[in-house]
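A.B. asks: Structure incoming, see below.
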Amino acid sequence: MTVTATGRSLSMVDAVGEAMRQAMEADPTVIVMGEDVAGGAGRGGERENTMGGSFGATKSLFPLFGPSRVRDTPISEAGIVGAGVGAAAAGLRPVVDAMWADFTGLAFDQIYNQAGKMSYMFGGQVRLPLTIRVAMGCGLSAAAQHSGTLYAIYTHLPGIKVVVPSTPYDAKGLLLESIFDDSPILFFEHLKLYVAKGPVPEDAYRIPLGAAEVRRVGSDVTVVAISAMVNRALEAAELVAAAGTSVEVIDPRTLSPLDAATIVASVEKTGALVVVDESPPHCSVASEIAAVVTEQAFDSLNGPVRRVTAPHAPVPFTPSLEDAYAPSVEAIVDAVSSLQ
């Protein structure tokens with residue numbers, strides 16, 4: 001699909017909302033489900049003070065599509081996701097707002113044992129076009145039960161696709177692609193990126209899953225950064241450039257499928273790799289990327305792969321500790337410098 005040029009700027013949360021609206025306009029089987037996605041009922045059945053979910057992404061949908069396609073649900077993640085799995089298996093394309101990534105643990109059986117396995121167990125006779133949107137990450141001092149990333153857990157699971165946009169443009173295009181994919185997808189939206197604005201075309205464009213984006217071209221060190229860490233990696237790249245180090249920054253955009261070819265090709269060019277991941281280090285996406293590069297491009301590496309991650313601890317509540325928890329620009333600069 002051709003994407004027209006635009007000077008229009010949207011926040012990520014508005015880009016996500018526009019993607020859902022355009023998907024619903026294009027296909028009557030697309031529905032949205034979740035807590036407060038339509039707002040509370042007023043007199044006569046109308047909706048008053050529409051919340052649009054926890055962050056307002058769905059606030060414009062109920063007046064356009066009504067209660068049959070924008071459905072408020074009880075406070076039960078297992079029930080919400082379970083209903084989404086059933087709706088997808090029955091022929092709809094549900095978009096489930098599960099609010100916070102940490103809350104998906106309450107629906108883990110529905111995601112892992114049902115959505116992720118159903119198509120496989122029935123020999124491909126069942127499609128599961130289910131998109132589960134979640135907010136994640138540091139930035140609001142929302143404490144340990146609301147600030148985790150968790151994408152590594154779902155990347156580990158066969159049958160589940162995992163998407164981690166870093167810009168409003170990518171959020172819209174990747175969400176439209178996710179909604180019309182026939183697989184269950186976890187769509188992770190970082191809290192710190194919700195208000196960040198960027199150019200977003202009005203077209204209903206799609207971005208293929210499994211295609212990384214080179215955000216900055218360089219020749220000395222490859223930095224692979226995930227979600228909100230992309231901006232920090234770009235800032236670090238600017239700082240080390242002043243000292244003569246050329247950094248290539250790669251945004252995977254999706255973790256499952258992972259565009260290993262783009263990452264490996266970059267490392268073969270630069271000979272060095274730093275992975276920046278706002279998750280604990282054990283069994284992380286950073287570990288997986290390091291392993292893939294070690295297996296496929298070991299002879300190209302001039303030194304060890306460096307991981308810049310959060311500590312192996314829950315996310316702190318205190319703002320100062322939360323700031324120290326997420327990988328910093330300075331930590332990325334130190335990792336890059338150690339490879340020169």
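Just so we're on the same page: first chain in the structure tokens is A, next is B, and so on; residues restart at 1 for each chain, and ligands are numbered from 1 in the order they show up.
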As a ChimeraX atom specification, please: every residue in stretch 34-255 of chain A that DSSP puts in alpha helix (DSSP H).
C.D. replies: /A:61-65,77-89,108,118-121,151-155,168-179,229-241
A.B. asks: Keeping only N, CA and C atoms, write those residues as a short mmCIF file (atom, residue, chain, number, x, y, z; two decimals), in the first residue's frame.
C.D. replies:
data_model
loop_
_atom_site.label_atom_id
_atom_site.label_comp_id
_atom_site.auth_asym_id
_atom_site.auth_seq_id
_atom_site.Cartn_x
_atom_site.Cartn_y
_atom_site.Cartn_z
N LEU A 61 -14.02 5.49 19.67
CA LEU A 61 -14.58 4.35 18.94
C LEU A 61 -16.06 4.08 19.23
N PHE A 62 -16.47 4.24 20.48
CA PHE A 62 -17.85 3.89 20.82
C PHE A 62 -18.88 4.71 20.04
N PRO A 63 -18.72 6.04 19.91
CA PRO A 63 -19.71 6.80 19.13
C PRO A 63 -19.80 6.36 17.67
N LEU A 64 -18.72 5.80 17.14
CA LEU A 64 -18.71 5.39 15.74
C LEU A 64 -19.25 3.98 15.54
N PHE A 65 -18.99 3.09 16.48
CA PHE A 65 -19.27 1.68 16.24
C PHE A 65 -20.23 1.04 17.23
N GLU A 77 -9.18 -10.33 33.79
CA GLU A 77 -8.31 -10.50 32.63
C GLU A 77 -8.48 -11.88 32.01
N ALA A 78 -8.67 -12.91 32.83
CA ALA A 78 -8.89 -14.24 32.30
C ALA A 78 -10.17 -14.28 31.46
N GLY A 79 -11.22 -13.59 31.95
CA GLY A 79 -12.47 -13.56 31.21
C GLY A 79 -12.36 -12.76 29.93
N ILE A 80 -11.66 -11.61 29.98
CA ILE A 80 -11.53 -10.75 28.80
C ILE A 80 -10.77 -11.47 27.70
N VAL A 81 -9.59 -12.02 28.05
CA VAL A 81 -8.78 -12.68 27.03
C VAL A 81 -9.43 -13.98 26.59
N GLY A 82 -10.05 -14.70 27.51
CA GLY A 82 -10.76 -15.92 27.13
C GLY A 82 -11.86 -15.65 26.14
N ALA A 83 -12.62 -14.57 26.36
CA ALA A 83 -13.66 -14.19 25.41
C ALA A 83 -13.05 -13.80 24.07
N GLY A 84 -11.88 -13.14 24.12
CA GLY A 84 -11.19 -12.79 22.89
C GLY A 84 -10.75 -14.01 22.11
N VAL A 85 -10.24 -15.01 22.79
CA VAL A 85 -9.84 -16.25 22.13
C VAL A 85 -11.05 -16.91 21.46
N GLY A 86 -12.16 -16.98 22.18
CA GLY A 86 -13.36 -17.58 21.61
C GLY A 86 -13.89 -16.80 20.43
N ALA A 87 -13.87 -15.47 20.54
CA ALA A 87 -14.34 -14.63 19.44
C ALA A 87 -13.47 -14.81 18.21
N ALA A 88 -12.15 -14.89 18.40
CA ALA A 88 -11.24 -15.08 17.27
C ALA A 88 -11.47 -16.44 16.62
N ALA A 89 -11.62 -17.48 17.43
CA ALA A 89 -11.84 -18.82 16.88
C ALA A 89 -13.17 -18.90 16.13
N PHE A 108 -2.71 -15.91 31.67
CA PHE A 108 -1.64 -16.65 31.03
C PHE A 108 -2.13 -17.96 30.41
N MET A 118 -3.86 -23.36 19.88
CA MET A 118 -5.09 -23.89 19.27
C MET A 118 -4.92 -24.21 17.79
N SER A 119 -4.33 -23.31 17.04
CA SER A 119 -4.17 -23.56 15.61
C SER A 119 -3.29 -24.78 15.36
N TYR A 120 -2.22 -24.91 16.12
CA TYR A 120 -1.32 -26.06 15.99
C TYR A 120 -2.04 -27.36 16.34
N MET A 121 -2.79 -27.36 17.43
CA MET A 121 -3.43 -28.60 17.90
C MET A 121 -4.54 -29.07 16.97
N TYR A 151 7.82 -8.73 27.64
CA TYR A 151 7.81 -9.22 26.26
C TYR A 151 8.70 -10.44 26.08
N ALA A 152 9.73 -10.60 26.92
CA ALA A 152 10.59 -11.78 26.81
C ALA A 152 9.81 -13.06 27.07
N ILE A 153 8.86 -13.00 28.02
CA ILE A 153 8.07 -14.17 28.34
C ILE A 153 7.26 -14.63 27.14
N TYR A 154 6.63 -13.69 26.44
CA TYR A 154 5.77 -14.06 25.33
C TYR A 154 6.56 -14.34 24.06
N THR A 155 7.76 -13.77 23.95
CA THR A 155 8.64 -14.12 22.83
C THR A 155 9.06 -15.58 22.93
N PRO A 168 5.28 6.66 16.83
CA PRO A 168 3.87 6.68 16.45
C PRO A 168 3.63 6.10 15.06
N TYR A 169 4.52 6.40 14.12
CA TYR A 169 4.38 5.87 12.76
C TYR A 169 4.36 4.34 12.77
N ASP A 170 5.32 3.75 13.48
CA ASP A 170 5.38 2.29 13.54
C ASP A 170 4.21 1.71 14.32
N ALA A 171 3.79 2.40 15.38
CA ALA A 171 2.68 1.88 16.18
C ALA A 171 1.43 1.71 15.33
N LYS A 172 1.12 2.70 14.50
CA LYS A 172 -0.06 2.59 13.66
C LYS A 172 0.08 1.49 12.62
N GLY A 173 1.19 1.51 11.89
CA GLY A 173 1.37 0.52 10.83
C GLY A 173 1.48 -0.90 11.34
N LEU A 174 2.16 -1.09 12.45
CA LEU A 174 2.30 -2.43 13.03
C LEU A 174 0.99 -2.92 13.64
N LEU A 175 0.21 -2.01 14.24
CA LEU A 175 -1.06 -2.44 14.81
C LEU A 175 -2.05 -2.84 13.72
N LEU A 176 -2.11 -2.09 12.64
CA LEU A 176 -2.98 -2.49 11.53
C LEU A 176 -2.56 -3.84 10.97
N GLU A 177 -1.28 -4.06 10.82
CA GLU A 177 -0.80 -5.37 10.35
C GLU A 177 -1.16 -6.46 11.34
N SER A 178 -1.03 -6.18 12.63
CA SER A 178 -1.33 -7.17 13.66
C SER A 178 -2.80 -7.56 13.65
N ILE A 179 -3.67 -6.57 13.54
CA ILE A 179 -5.11 -6.85 13.57
C ILE A 179 -5.52 -7.76 12.43
N MET A 229 13.89 2.22 24.43
CA MET A 229 15.35 2.27 24.48
C MET A 229 15.95 2.73 23.16
N VAL A 230 15.17 2.74 22.08
CA VAL A 230 15.68 3.20 20.79
C VAL A 230 16.10 4.66 20.89
N ASN A 231 15.26 5.50 21.48
CA ASN A 231 15.60 6.92 21.61
C ASN A 231 16.86 7.13 22.44
N ARG A 232 17.01 6.34 23.49
CA ARG A 232 18.21 6.47 24.32
C ARG A 232 19.45 6.00 23.55
N ALA A 233 19.29 4.97 22.74
CA ALA A 233 20.41 4.51 21.93
C ALA A 233 20.82 5.56 20.91
N LEU A 234 19.83 6.23 20.31
CA LEU A 234 20.13 7.29 19.35
C LEU A 234 20.84 8.46 20.02
N GLU A 235 20.42 8.79 21.24
CA GLU A 235 21.09 9.86 21.98
C GLU A 235 22.52 9.48 22.31
N ALA A 236 22.72 8.23 22.71
CA ALA A 236 24.07 7.75 23.00
C ALA A 236 24.94 7.77 21.75
N ALA A 237 24.34 7.41 20.62
CA ALA A 237 25.09 7.41 19.36
C ALA A 237 25.57 8.81 19.00
N GLU A 238 24.75 9.81 19.28
CA GLU A 238 25.16 11.19 19.03
C GLU A 238 26.35 11.58 19.92
N LEU A 239 26.32 11.15 21.17
CA LEU A 239 27.38 11.51 22.10
C LEU A 239 28.71 10.87 21.72
N VAL A 240 28.70 9.59 21.35
CA VAL A 240 29.97 8.93 21.02
C VAL A 240 30.47 9.35 19.64
N ALA A 241 29.58 9.87 18.80
CA ALA A 241 30.01 10.35 17.49
C ALA A 241 31.01 11.50 17.64
#
A.B. asks: If we count only C-alpha atoms, what is near stretch 199-210 of chain A at a cut-off of 10 Å, once residues fewer than 4 positions away on the same chain are taken out, given as an MDAnalysis selection string?
C.D. replies: chainID A and resid 1:12 14:15 18:19 21:23 26 161:163 167:178 180:181 252:260
A.B. asks: What's the separation between atom CA of A:Ala228 and atom CA of A:Asn302, in Å to one decimal place?
C.D. replies: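 Result for atom CA of A:Ala228 versus atom CA of A:Asn302: 27.7 Å, one decimal.
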A.B. asks: Just the number, please: distance in Å from atom CA of A:Pro94 to atom CA of A:Gly137, one decimal.
C.D. replies: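 Atom-to-atom, atom CA of A:Pro94 to atom CA of A:Gly137, that is 24.2 Å.
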A.B. asks: Please provide the set of residues having any atom within 7 Å of stretch 143-146 of chain A, restricted to only C-alpha atoms, with same-chain residues fewer than 3 positions apart removed, written as a ChimeraX atom specification.
C.D. replies: /A:100,102,314-317
A.B. asks: Compare A:Thr149, A:Thr294, A:Thr73, A:Thr131 by their minimum atom-to-atom distance to A:Leu92, counting only C-alpha atoms, and give me the closest one.
C.D. replies: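 Distance minimum relative to A:Leu92 lands on A:Thr131.
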A.B. asks: What gap, in Å, lies between atom CA of A:Leu130 and atom CA of A:Ser287?
C.D. replies: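 Taking atom CA of A:Leu130 as the start and atom CA of A:Ser287 as the end point, the length is 27.7 Å.
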A.B. asks: So, counting only C-alpha atoms, which residue among A:Ala101, A:Ala313, A:Val214, A:Val95 is closest to A:Ala135?
C.D. replies: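 So, comparing all the options, the nearest one is A:Ala101.
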A.B. asks: Using only C-alpha atoms, which residue out of A:Pro327, A:Gly271, A:Gly124, A:Gly218 lies closest to A:Glu248?
C.D. replies: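 Smallest distance to A:Glu248 is found for A:Gly218.
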A.B. asks: Counting only C-alpha atoms, which residue out of A:Gly159, A:Pro184, A:Gly148, A:Gly244 sits closest to A:Tyr325?
C.D. replies: A:Gly148
A.B. asks: Check the smallest atom-to-atom distance from each of A:Ala291, A:Ala261, A:Ala243, A:Ala225 to A:Ile332 using only C-alpha atoms, then report the winner.
C.D. replies: A:Ala225
A.B. asks: Which of stretch 38-150 of chain A end up as strand (DSSP E or B) when DSSP is run on this backbone - answer as an NGL selection string?
C.D. replies: :A and (40-41 or 47-48 or 70-72 or 93-100 or 131-136)
